[in-house]
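Report on the following structure.
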Amino acid sequence: MDVVPAEVLADTGDRRTVDRDLRARQLDGYLRRLARQEAVCRRVLGRLARTFLADRYHNRLGFARLGDWTRERLGLSARQVQDLARVAERLESLPAIAAAFAAGDVSWTQTRLLATAATPDSEGEWLALARDRTVRALEALVARPPADPDERHRLRFSLRCPRRLRARWRQAVELARRMAGSELPLAAAAEVIAAEGLSAAPAPVDDCPFREPPPEPVDTPADPGWSAVEVPIAEDVEKLLQLGPAGDPFMIDERLRVARRAMQRIDWQMGVLLRTFFDLRLHRAFGFPSASRYVAERLGLSGRKARALVALERGLRRTPALAAAYREGNVSWLRALTLLPVASRDDAWVARAGEVTLRRLVAEVEWALDRRDAGLPTAPPPPGATLAPVERQMCARSDDMLDADITFAAAPSVVALFRAALDAFRPAGEPRWKACEKLLEHVCHEWEAQPQHRDPVFARDGWRCAVPACTSRANLHDHHIRYRSAGGDNSRANRVAICAWHHLRGIHLGRIRAHGTAPHAITWEIGVRRGRPPLLRTLGDRYLP
């Protein structure tokens, strides 16, 4: 799977004296081969995921939601996996496009676009268009306006503030997720916070002045000499489509994980080379005005994916232990991104990433960031420890030093709504961060003052499902670990909060087993199967052999 020699990956020569043209052609050759292999891995993942999604195998493995399974087992979002499956399904009815992809005539990006627009009757015409146009021009031909035009562009909101305010922001986001009963992304949480604030202090919301004009279509013919190169593909990954029975969810889960690890190894090599390529601005050697245009036209990747690979590579260079774990596939893409803010050279966080579920790892990293803002040590907490929030007086500082940021990316309407909420709470002549502080104080006070549920088990378990890797915060049930029919009592140590799906279709249908003492000494067996070990076995959120 390693296309790039070790000496090329480790090249740290003096960039002031490098022959840029020679270096550009060397790296371009390796990058194109890596991009081809990654595209093959994507199609294999898509074909396996198509079978997995069609029969909702994640439910049979003990996961209530597809996203919980994809993040925990593959390190991908549900949307990414669904997109791969959609493209693989469309290619089954588009043999000409599938053959062109297999021959390397079109990149993965072109294939994905063609699968969206082409039909069996028109695929020949679309292939001709793809060969004669750039990826950017093809995107303009295929693109359809979204249902909400305001979602076409996203803006980045950033506010410089003291560290204590950033800690308060995290608290408000957590409360917003509890109130909504789901894992809201930051943009959605910001919208909920702004709406709550404006409901108490209404203010007129100006029309958003931040709309950006859509890019104009570009119809420049692509250089036919820049078609994909002929390279040996990832044969071991393609064999995954032929091994064993296709109807076993446990087998498909394992094949998907193997293919994902192979693609991650390719992504690591691409990140190393792209970092050098971007730093030296080698795209100019091929006549491209930007690095994003180079990766889109030459490699068939999105500029966003390339920038993410480079950003991760730069972060991993500061943390050799995390870099090694990511390179070998022991730490997924999502886990590596989660750890970057707290990981340092050879520290314990890398080991922790392989010991706990992604859900627990995210919670521990957020806990450590709160402690860092308060000037406290950020080592991983003891296994199974309760992640008590840092007391606000510990976060208080004697000054208002602006040494932190509150940031999120959202639609222009959401950014405008949040700024309007800040203006409603902004004292005359005061900086905007003080308005944010007043807004968050108000929102947290309102939500914390809501009547408490009469069942104390829900509050003890953080108002979320206790089943490892589950992100549900709604439709919670109070489950008796040892059934009352089997002699279990009604004490809190025998009760745990779990979502309705895991209660009724997980535990009571035998896909999940739980035993032990709540809240921290429950042993979970997820993906139970007759005569074989379960898919996952954990003590709380900590993996067990």
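Residues are referred to by chain and number: the chain letter is A, B, ... according to the order shown in the structure tokens, the number counts from 1 in that chain, and ligands are numbered separately from 1 in the order shown.
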*Excluding Leu402 in chain A and any residue of its chain fewer than 2 positions from it, enumerate the residues within 10 Å of it, using only C-alpha atoms, and give them as a ChimeraX atom specification.*
/A:159-165,399-400,404-405,433
If you keep all heavy atoms, can you produce a file of those selected residues as a JSON list (two decimals), in the first residue's frame?
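Below is the file out_23.json, written as the result:
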[["chain", "number", "residue", "atom", "x", "y", "z"],
["A", 159, "LEU", "N", -14.67, 35.16, 17.70],
["A", 159, "LEU", "CA", -14.72, 36.20, 18.71],
["A", 159, "LEU", "C", -13.57, 36.00, 19.69],
["A", 159, "LEU", "O", -13.45, 34.94, 20.31],
["A", 159, "LEU", "CB", -16.06, 36.15, 19.47],
["A", 159, "LEU", "CG", -16.23, 37.15, 20.62],
["A", 159, "LEU", "CD1", -16.26, 38.58, 20.07],
["A", 159, "LEU", "CD2", -17.49, 36.86, 21.41],
["A", 160, "ARG", "N", -12.70, 37.00, 19.78],
["A", 160, "ARG", "CA", -11.60, 36.96, 20.75],
["A", 160, "ARG", "C", -12.16, 37.25, 22.14],
["A", 160, "ARG", "O", -12.94, 38.19, 22.31],
["A", 160, "ARG", "CB", -10.54, 37.99, 20.38],
["A", 160, "ARG", "CG", -9.18, 37.77, 21.02],
["A", 160, "ARG", "CD", -8.49, 36.58, 20.46],
["A", 160, "ARG", "NE", -7.14, 36.43, 21.01],
["A", 160, "ARG", "CZ", -6.45, 35.32, 20.96],
["A", 160, "ARG", "NH1", -6.97, 34.24, 20.37],
["A", 160, "ARG", "NH2", -5.24, 35.26, 21.45],
["A", 161, "CYS", "N", -11.77, 36.45, 23.13],
["A", 161, "CYS", "CA", -12.38, 36.57, 24.45],
["A", 161, "CYS", "C", -11.44, 36.02, 25.51],
["A", 161, "CYS", "O", -10.44, 35.37, 25.20],
["A", 161, "CYS", "CB", -13.70, 35.80, 24.49],
["A", 161, "CYS", "SG", -13.50, 34.02, 24.25],
["A", 162, "PRO", "N", -11.74, 36.26, 26.80],
["A", 162, "PRO", "CA", -10.97, 35.61, 27.87],
["A", 162, "PRO", "C", -11.27, 34.12, 27.93],
["A", 162, "PRO", "O", -12.31, 33.65, 27.46],
["A", 162, "PRO", "CB", -11.47, 36.32, 29.14],
["A", 162, "PRO", "CG", -12.14, 37.56, 28.67],
["A", 162, "PRO", "CD", -12.68, 37.25, 27.31],
["A", 163, "ARG", "N", -10.36, 33.37, 28.55],
["A", 163, "ARG", "CA", -10.54, 31.92, 28.61],
["A", 163, "ARG", "C", -11.78, 31.53, 29.41],
["A", 163, "ARG", "O", -12.41, 30.53, 29.13],
["A", 163, "ARG", "CB", -9.30, 31.27, 29.23],
["A", 163, "ARG", "CG", -8.07, 31.37, 28.36],
["A", 163, "ARG", "CD", -6.95, 30.50, 28.89],
["A", 163, "ARG", "NE", -5.78, 30.58, 28.05],
["A", 163, "ARG", "CZ", -4.70, 29.82, 28.20],
["A", 163, "ARG", "NH1", -4.65, 28.95, 29.19],
["A", 163, "ARG", "NH2", -3.68, 29.93, 27.39],
["A", 164, "ARG", "N", -12.11, 32.31, 30.43],
["A", 164, "ARG", "CA", -13.28, 31.95, 31.23],
["A", 164, "ARG", "C", -14.55, 31.96, 30.40],
["A", 164, "ARG", "O", -15.48, 31.19, 30.63],
["A", 164, "ARG", "CB", -13.42, 32.89, 32.43],
["A", 164, "ARG", "CG", -13.82, 34.32, 32.07],
["A", 164, "ARG", "CD", -14.17, 35.12, 33.31],
["A", 164, "ARG", "NE", -14.72, 36.43, 32.96],
["A", 164, "ARG", "CZ", -14.02, 37.50, 32.71],
["A", 164, "ARG", "NH1", -12.69, 37.45, 32.76],
["A", 164, "ARG", "NH2", -14.61, 38.65, 32.40],
["A", 165, "LEU", "N", -14.59, 32.85, 29.39],
["A", 165, "LEU", "CA", -15.77, 32.94, 28.54],
["A", 165, "LEU", "C", -15.84, 31.74, 27.61],
["A", 165, "LEU", "O", -16.93, 31.23, 27.32],
["A", 165, "LEU", "CB", -15.75, 34.24, 27.74],
["A", 165, "LEU", "CG", -16.97, 34.50, 26.84],
["A", 165, "LEU", "CD1", -18.25, 34.42, 27.65],
["A", 165, "LEU", "CD2", -16.85, 35.84, 26.15],
["A", 399, "ASP", "N", -7.84, 39.47, 35.42],
["A", 399, "ASP", "CA", -7.90, 40.47, 34.36],
["A", 399, "ASP", "C", -8.80, 39.95, 33.24],
["A", 399, "ASP", "O", -9.35, 38.86, 33.31],
["A", 399, "ASP", "CB", -6.50, 40.79, 33.83],
["A", 399, "ASP", "CG", -5.76, 39.52, 33.42],
["A", 399, "ASP", "OD1", -6.42, 38.59, 32.92],
["A", 399, "ASP", "OD2", -4.54, 39.46, 33.60],
["A", 400, "ASP", "N", -8.93, 40.76, 32.22],
["A", 400, "ASP", "CA", -9.74, 40.38, 31.07],
["A", 400, "ASP", "C", -8.85, 40.15, 29.85],
["A", 400, "ASP", "O", -9.10, 40.68, 28.76],
["A", 400, "ASP", "CB", -10.78, 41.46, 30.78],
["A", 400, "ASP", "CG", -11.86, 41.53, 31.85],
["A", 400, "ASP", "OD1", -12.10, 40.49, 32.48],
["A", 400, "ASP", "OD2", -12.44, 42.61, 32.05],
["A", 404, "ALA", "N", -8.21, 33.73, 24.16],
["A", 404, "ALA", "CA", -8.94, 32.56, 23.67],
["A", 404, "ALA", "C", -9.89, 33.02, 22.56],
["A", 404, "ALA", "O", -10.05, 34.22, 22.30],
["A", 404, "ALA", "CB", -9.71, 31.89, 24.81],
["A", 405, "ASP", "N", -10.52, 32.05, 21.91],
["A", 405, "ASP", "CA", -11.44, 32.35, 20.80],
["A", 405, "ASP", "C", -12.68, 31.48, 20.90],
["A", 405, "ASP", "O", -12.60, 30.32, 21.33],
["A", 405, "ASP", "CB", -10.77, 32.10, 19.44],
["A", 405, "ASP", "CG", -9.62, 33.05, 19.18],
["A", 405, "ASP", "OD1", -9.88, 34.20, 18.79],
["A", 405, "ASP", "OD2", -8.46, 32.63, 19.39],
["A", 433, "TRP", "N", -17.21, 40.90, 23.30],
["A", 433, "TRP", "CA", -17.09, 39.70, 24.10],
["A", 433, "TRP", "C", -17.88, 39.83, 25.41],
["A", 433, "TRP", "O", -18.37, 38.83, 25.95],
["A", 433, "TRP", "CB", -15.62, 39.35, 24.37],
["A", 433, "TRP", "CG", -14.87, 40.28, 25.29],
["A", 433, "TRP", "CD1", -14.04, 41.30, 24.94],
["A", 433, "TRP", "CD2", -14.85, 40.23, 26.72],
["A", 433, "TRP", "NE1", -13.52, 41.91, 26.03],
["A", 433, "TRP", "CE2", -13.99, 41.27, 27.16],
["A", 433, "TRP", "CE3", -15.46, 39.44, 27.67],
["A", 433, "TRP", "CZ2", -13.74, 41.52, 28.50],
["A", 433, "TRP", "CZ3", -15.20, 39.68, 29.03],
["A", 433, "TRP", "CH2", -14.36, 40.71, 29.42]]
Per residue of range 306-402 of chain A within 10 Å of range 253-268 of chain A, note the shortest atom pair and the distance in Å to one decimal, counting only C-alpha atoms, and order the rows by chain and increasing residue number, as CSV.
residue,atom,partner,partner_atom,distance
A:Ala306,CA,A:Asp267,CA,9.4
A:Leu309,CA,A:Asp267,CA,7.1
A:Val310,CA,A:Trp268,CA,9.3
A:Leu312,CA,A:Trp268,CA,9.0
A:Glu313,CA,A:Trp268,CA,7.5
A:Ala323,CA,A:Trp268,CA,9.1
A:Tyr326,CA,A:Trp268,CA,7.9
A:Arg327,CA,A:Arg265,CA,5.9
A:Glu328,CA,A:Arg265,CA,7.0
A:Gly329,CA,A:Arg261,CA,5.4
A:Asn330,CA,A:Arg261,CA,8.6
A:Val331,CA,A:Arg261,CA,9.4
A:Ser332,CA,A:Gln264,CA,7.8
A:Trp333,CA,A:Gln264,CA,7.5
Would you output that residue set with C-alpha atoms, as a short mmCIF file (atom, residue, chain, number, x, y, z; two decimals), in the first residue's frame?
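Below you can see out.cif, which holds the result:
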data_model
loop_
_atom_site.label_atom_id
_atom_site.label_comp_id
_atom_site.auth_asym_id
_atom_site.auth_seq_id
_atom_site.Cartn_x
_atom_site.Cartn_y
_atom_site.Cartn_z
CA ALA A 306 -6.50 18.37 0.77
CA LEU A 309 -4.87 16.39 5.22
CA VAL A 310 -2.22 19.12 5.33
CA LEU A 312 -3.58 17.15 10.22
CA GLU A 313 -0.05 16.45 8.98
CA ALA A 323 1.61 10.45 14.19
CA TYR A 326 -2.35 7.36 12.96
CA ARG A 327 0.09 6.14 10.31
CA GLU A 328 -0.37 2.51 11.41
CA GLY A 329 -4.15 2.80 11.57
CA ASN A 330 -4.35 2.39 15.35
CA VAL A 331 -5.97 5.83 15.67
CA SER A 332 -8.70 6.87 13.24
CA TRP A 333 -9.01 10.20 11.45
#
